[in-house]
Amino acid sequence: MATSQHKLLLAIALLIGASSANTVQAAVEDKPPFFRIDYQGQTAYLLGSIHVGQADFYPMAKQIEAKFDSSASLAVEADAASADIMALIKKYGLKQVAMDDETQSVLDEYCKTQSRVCASLGGFSPWLQSMQLGMNRFEELGYSANYGVDQVLISKNRGRPLLELESTEFQFQLLSSFDEEAQLGMVREAIESPDDDMHGLVQAWRTGDAAHIDELMEGQLTDDGDMLMLEKLLWQRNVTMADRIRELMAAPDTPQPMFIVIGAGHLVGGKSIPLELIDHGAKVKNCWEKHCN
């Protein structure tokens with residue numbers, strides 16, 4: 001059963017993310033969420049990504065690589081390279097918040113063995129601290145943002161048009177919009193999330209285990225704070241990104257076909273992007289159930 005401890009993991013790895021690096025499957029056997037979309041006479045391919053990874057994720061399955069190579073444009077949630085990150089940090093990431101006793105205790109204990117990481121946190125808002133702490137946790141387990149699916153495909157894009165479904169500023173603004181209590185909770189969760197859950201999240205993506213991804217995403221969430229986070233981080237964004245996909249597919253100046261990369265958490269569950277697209281007239285096919293020609 002998913003708990004509130006999963007929220008930060010998902011924000012890092014499946015929304016905005018095997019017991020060791022040596023025991024995971026070969027990349028060509030991986031089957032992450034992958035769909036074909038047909039809408040108003042145009043075709044696009046939609047890959048569920050994870051924002052951290054390992055070198056052996058690549059090359060990906062032949063079907064994925066072939067559709068990526070033959071696409072005319074690449075669409076991602078946000079292209080961080082085109083944003084002024086320092087300006088965004090100044091605007092959204094420097095609000096000082098006093099730590100409560102519980103969060104301070106958790107942070108102090110973690111920092112006993114992670115002084116280098118903790119020294120870099122000073123002055124940042126808790127939500128941004130949580131992102132840094134969470135990424136450090138993944139790196140300790142052998143994963144890196146440099147091998148995140150989005151980053152690798154952007155680096156291989158060969159100058160084709162790079163389209164955004166959201167923007168880096170939107171994502172900064174979204175994370176900074178949570179209240180102080182929620183942000184302090186993010187800090188604790190970044191530190192306390194079990195290693196096994198983090199490995200399990202990656203493995204669920206590699207095997208295309210949509211049910212497990214969905215369980216991690218939504219789980220047995222009961223309190224208002226959790227539901228608000230799911231609503232803002234997941235469900236509202238599913239609607240707006242699905243709208244943007246349809247807009248791009250219908251636009252005469254969009255180079256077609258598009259290859260679209262979105263965090264895998266957005267592609268599973270009862271309010272997923274594929275279902276949003278279907279509800280608005282698109283045909284969506286799971287490429288692992290039938291080869292996407």
# chains A, B, ... in the order shown; residues from 1 in each chain; ligands from 1
>>> residues_around(residues="range 175-186 of chain A", least_positions_apart="3", cutoff="6 Å", atoms="only C-alpha atoms", output="number ranges by chain")
A: 126-127, 130, 172, 189
>>> select_by_dssp(residues="range 107-207 of chain A", states="alpha helix (DSSP H)", output="PyMOL selection string")
chain A and resi 107-111+115-119+126-140+149-155+168-176+180-192+195-207
>>> select_by_dssp(residues="range 60-208 of chain A", states="strand (DSSP E)", output="list of chain:residue names")
A:Ser73, A:Leu74, A:Ala75, A:Val76, A:Leu162, A:Leu163, A:Glu164
>>> write_last_selection(atoms="N, CA, C and O atoms", output="mmCIF file, in the first residue's frame")
data_model
loop_
_atom_site.group_PDB
_atom_site.id
_atom_site.type_symbol
_atom_site.label_atom_id
_atom_site.label_comp_id
_atom_site.auth_asym_id
_atom_site.auth_seq_id
_atom_site.Cartn_x
_atom_site.Cartn_y
_atom_site.Cartn_z
ATOM 1 N N SER A 73 9.544 15.612 -34.518
ATOM 2 C CA SER A 73 9.696 16.559 -33.414
ATOM 3 C C SER A 73 9.609 15.798 -32.102
ATOM 4 O O SER A 73 9.074 14.690 -32.039
ATOM 5 N N LEU A 74 10.147 16.413 -31.054
ATOM 6 C CA LEU A 74 10.144 15.817 -29.722
ATOM 7 C C LEU A 74 9.421 16.766 -28.775
ATOM 8 O O LEU A 74 9.716 17.969 -28.742
ATOM 9 N N ALA A 75 8.472 16.235 -28.016
ATOM 10 C CA ALA A 75 7.746 17.032 -27.027
ATOM 11 C C ALA A 75 8.039 16.483 -25.638
ATOM 12 O O ALA A 75 7.961 15.266 -25.410
ATOM 13 N N VAL A 76 8.387 17.367 -24.706
ATOM 14 C CA VAL A 76 8.699 16.994 -23.333
ATOM 15 C C VAL A 76 7.872 17.863 -22.383
ATOM 16 O O VAL A 76 7.298 18.873 -22.792
ATOM 17 N N LEU A 162 12.044 21.022 -30.534
ATOM 18 C CA LEU A 162 11.816 20.547 -29.179
ATOM 19 C C LEU A 162 10.655 21.353 -28.590
ATOM 20 O O LEU A 162 10.766 22.566 -28.396
ATOM 21 N N LEU A 163 9.551 20.683 -28.339
ATOM 22 C CA LEU A 163 8.321 21.336 -27.899
ATOM 23 C C LEU A 163 8.095 21.063 -26.417
ATOM 24 O O LEU A 163 8.463 20.006 -25.900
ATOM 25 N N GLU A 164 7.468 22.012 -25.729
ATOM 26 C CA GLU A 164 7.179 21.866 -24.305
ATOM 27 C C GLU A 164 5.680 21.733 -24.070
ATOM 28 O O GLU A 164 4.881 22.443 -24.689
#
>>> atom_distance(atom1="CA of Ser125 in chain A", atom2="CA of Lys95 in chain A")
5.0 Å
>>> closest_atom_pairs(of="range 156-216 of chain A", to="range 78-91 of chain A", cutoff="6 Å", atoms="only C-alpha atoms", output="JSON lines")
{"residue": "A:Glu164", "atom": "CA", "partner": "A:Ala78", "partner_atom": "CA", "distance": 5.2}
{"residue": "A:Glu166", "atom": "CA", "partner": "A:Ala78", "partner_atom": "CA", "distance": 5.6}
{"residue": "A:Ser167", "atom": "CA", "partner": "A:Ala78", "partner_atom": "CA", "distance": 4.6}
{"residue": "A:Thr168", "atom": "CA", "partner": "A:Ala78", "partner_atom": "CA", "distance": 5.3}
>>> write_last_selection(atoms="C-alpha atoms", output="PDB file, in the first residue's frame")
ATOM      1  CA  GLU A 164       7.179  21.866 -24.305  1.00  0.00           C
ATOM      2  CA  GLU A 166       4.471  22.819 -19.667  1.00  0.00           C
ATOM      3  CA  SER A 167       7.538  24.890 -18.705  1.00  0.00           C
ATOM      4  CA  THR A 168      10.272  24.796 -16.097  1.00  0.00           C
TER       5      THR A 168
END
>>> closest_residue(among="A:Met229, A:Ala190, A:Glu102, A:Glu77", to="Gln132 in chain A", atoms="only C-alpha atoms")
A:Ala190
>>> atom_distance(atom1="CA of Leu233 in chain A", atom2="CA of Gln171 in chain A")
9.2 Å
>>> closest_residue(among="A:Leu46, A:Val187, A:Leu267, A:Leu277", to="Leu107 in chain A", atoms="only C-alpha atoms")
A:Val187
>>> residues_around(residues="Met135 in chain A", least_positions_apart="2", cutoff="10 Å", atoms="only C-alpha atoms", output="PyMOL selection string")
chain A and resi 9+12-13+17+51-52+129-133+137-141+143-145+190
>>> closest_residue(among="A:Ile50, A:Ile245, A:Ile154, A:Leu216", to="Ile278 in chain A", atoms="only C-alpha atoms")
A:Ile245
>>> decode(residues="range 29-63 of chain A", atoms="N, CA, C and O atoms", output="compact mmCIF listing (two decimals), in the first residue's frame")
# COMPACT_ATOMS: atom_id res chain seq x y z
N GLU A 29 14.97 -5.37 -22.94
CA GLU A 29 13.86 -6.15 -22.43
C GLU A 29 12.86 -5.28 -21.67
O GLU A 29 11.79 -5.75 -21.30
N ASP A 30 13.21 -4.04 -21.43
CA ASP A 30 12.32 -3.15 -20.68
C ASP A 30 11.08 -2.83 -21.50
O ASP A 30 11.13 -2.68 -22.72
N LYS A 31 9.96 -2.68 -20.81
CA LYS A 31 8.70 -2.32 -21.47
C LYS A 31 8.00 -1.21 -20.70
O LYS A 31 6.92 -1.41 -20.13
N PRO A 32 8.59 -0.02 -20.67
CA PRO A 32 7.92 1.09 -19.99
C PRO A 32 6.65 1.47 -20.73
O PRO A 32 6.46 1.11 -21.89
N PRO A 33 5.75 2.21 -20.09
CA PRO A 33 4.50 2.61 -20.76
C PRO A 33 4.79 3.30 -22.09
O PRO A 33 5.57 4.25 -22.17
N PHE A 34 4.15 2.80 -23.17
CA PHE A 34 4.44 3.30 -24.52
C PHE A 34 3.18 3.15 -25.36
O PHE A 34 2.62 2.07 -25.47
N PHE A 35 2.72 4.27 -25.97
CA PHE A 35 1.45 4.30 -26.66
C PHE A 35 1.57 4.97 -28.03
O PHE A 35 2.43 5.82 -28.25
N ARG A 36 0.66 4.59 -28.92
CA ARG A 36 0.45 5.29 -30.18
C ARG A 36 -0.84 6.09 -30.04
O ARG A 36 -1.86 5.59 -29.58
N ILE A 37 -0.80 7.37 -30.48
CA ILE A 37 -1.97 8.25 -30.45
C ILE A 37 -2.33 8.61 -31.88
O ILE A 37 -1.45 9.03 -32.65
N ASP A 38 -3.59 8.49 -32.23
CA ASP A 38 -4.09 8.97 -33.52
C ASP A 38 -5.17 10.01 -33.24
O ASP A 38 -6.14 9.74 -32.52
N TYR A 39 -4.98 11.20 -33.84
CA TYR A 39 -5.92 12.29 -33.57
C TYR A 39 -5.95 13.23 -34.77
O TYR A 39 -4.91 13.73 -35.22
N GLN A 40 -7.13 13.45 -35.32
CA GLN A 40 -7.36 14.35 -36.44
C GLN A 40 -6.37 14.12 -37.59
O GLN A 40 -5.79 15.05 -38.14
N GLY A 41 -6.19 12.87 -37.93
CA GLY A 41 -5.36 12.51 -39.07
C GLY A 41 -3.87 12.48 -38.80
O GLY A 41 -3.08 12.21 -39.73
N GLN A 42 -3.44 12.74 -37.58
CA GLN A 42 -2.03 12.74 -37.23
C GLN A 42 -1.74 11.62 -36.23
O GLN A 42 -2.63 11.18 -35.49
N THR A 43 -0.47 11.21 -36.21
CA THR A 43 -0.03 10.15 -35.31
C THR A 43 1.10 10.67 -34.43
O THR A 43 1.97 11.42 -34.89
N ALA A 44 1.09 10.28 -33.17
CA ALA A 44 2.18 10.60 -32.25
C ALA A 44 2.46 9.36 -31.40
O ALA A 44 1.62 8.46 -31.28
N TYR A 45 3.66 9.32 -30.82
CA TYR A 45 4.05 8.22 -29.95
C TYR A 45 4.35 8.79 -28.57
O TYR A 45 5.04 9.80 -28.45
N LEU A 46 3.81 8.14 -27.54
CA LEU A 46 3.86 8.66 -26.17
C LEU A 46 4.59 7.66 -25.28
O LEU A 46 4.12 6.54 -25.07
N LEU A 47 5.73 8.08 -24.74
CA LEU A 47 6.55 7.24 -23.87
C LEU A 47 6.48 7.75 -22.44
O LEU A 47 6.67 8.93 -22.18
N GLY A 48 6.21 6.84 -21.50
CA GLY A 48 6.28 7.18 -20.09
C GLY A 48 7.71 7.15 -19.61
O GLY A 48 8.40 6.13 -19.75
N SER A 49 8.17 8.24 -19.05
CA SER A 49 9.58 8.33 -18.67
C SER A 49 9.76 8.21 -17.17
O SER A 49 8.81 8.24 -16.38
N ILE A 50 11.00 8.05 -16.79
CA ILE A 50 11.42 8.18 -15.41
C ILE A 50 12.57 9.17 -15.42
O ILE A 50 13.40 9.16 -16.33
N HIS A 51 12.60 10.07 -14.45
CA HIS A 51 13.52 11.21 -14.52
C HIS A 51 14.88 10.94 -13.89
O HIS A 51 15.71 11.84 -13.79
N VAL A 52 15.11 9.70 -13.46
CA VAL A 52 16.43 9.25 -13.05
C VAL A 52 16.68 7.93 -13.76
O VAL A 52 15.74 7.28 -14.22
N GLY A 53 17.94 7.52 -13.87
CA GLY A 53 18.20 6.28 -14.57
C GLY A 53 19.62 5.79 -14.41
O GLY A 53 20.39 6.30 -13.58
N GLN A 54 19.97 4.80 -15.22
CA GLN A 54 21.29 4.20 -15.24
C GLN A 54 21.72 4.02 -16.70
O GLN A 54 20.88 4.01 -17.60
N ALA A 55 23.01 3.84 -16.91
CA ALA A 55 23.52 3.71 -18.27
C ALA A 55 22.90 2.53 -19.00
O ALA A 55 22.68 2.58 -20.22
N ASP A 56 22.58 1.45 -18.26
CA ASP A 56 22.07 0.26 -18.94
C ASP A 56 20.58 0.36 -19.28
O ASP A 56 19.99 -0.61 -19.74
N PHE A 57 19.99 1.53 -19.10
CA PHE A 57 18.64 1.76 -19.63
C PHE A 57 18.66 1.85 -21.16
O PHE A 57 17.62 1.75 -21.79
N TYR A 58 19.85 2.06 -21.73
CA TYR A 58 19.98 2.41 -23.15
C TYR A 58 20.92 1.46 -23.87
O TYR A 58 21.89 0.99 -23.29
N PRO A 59 20.67 1.22 -25.18
CA PRO A 59 19.51 1.69 -25.93
C PRO A 59 18.23 1.07 -25.40
O PRO A 59 18.24 -0.02 -24.83
N MET A 60 17.13 1.76 -25.64
CA MET A 60 15.84 1.25 -25.21
C MET A 60 15.35 0.20 -26.21
O MET A 60 16.05 -0.13 -27.17
N ALA A 61 14.18 -0.34 -25.96
CA ALA A 61 13.63 -1.38 -26.83
C ALA A 61 13.60 -0.89 -28.28
O ALA A 61 13.40 0.29 -28.56
N LYS A 62 13.79 -1.82 -29.22
CA LYS A 62 13.89 -1.44 -30.64
C LYS A 62 12.67 -0.66 -31.12
O LYS A 62 12.79 0.27 -31.92
N GLN A 63 11.50 -1.04 -30.65
CA GLN A 63 10.27 -0.36 -31.07
C GLN A 63 10.31 1.11 -30.65
O GLN A 63 9.93 2.00 -31.42
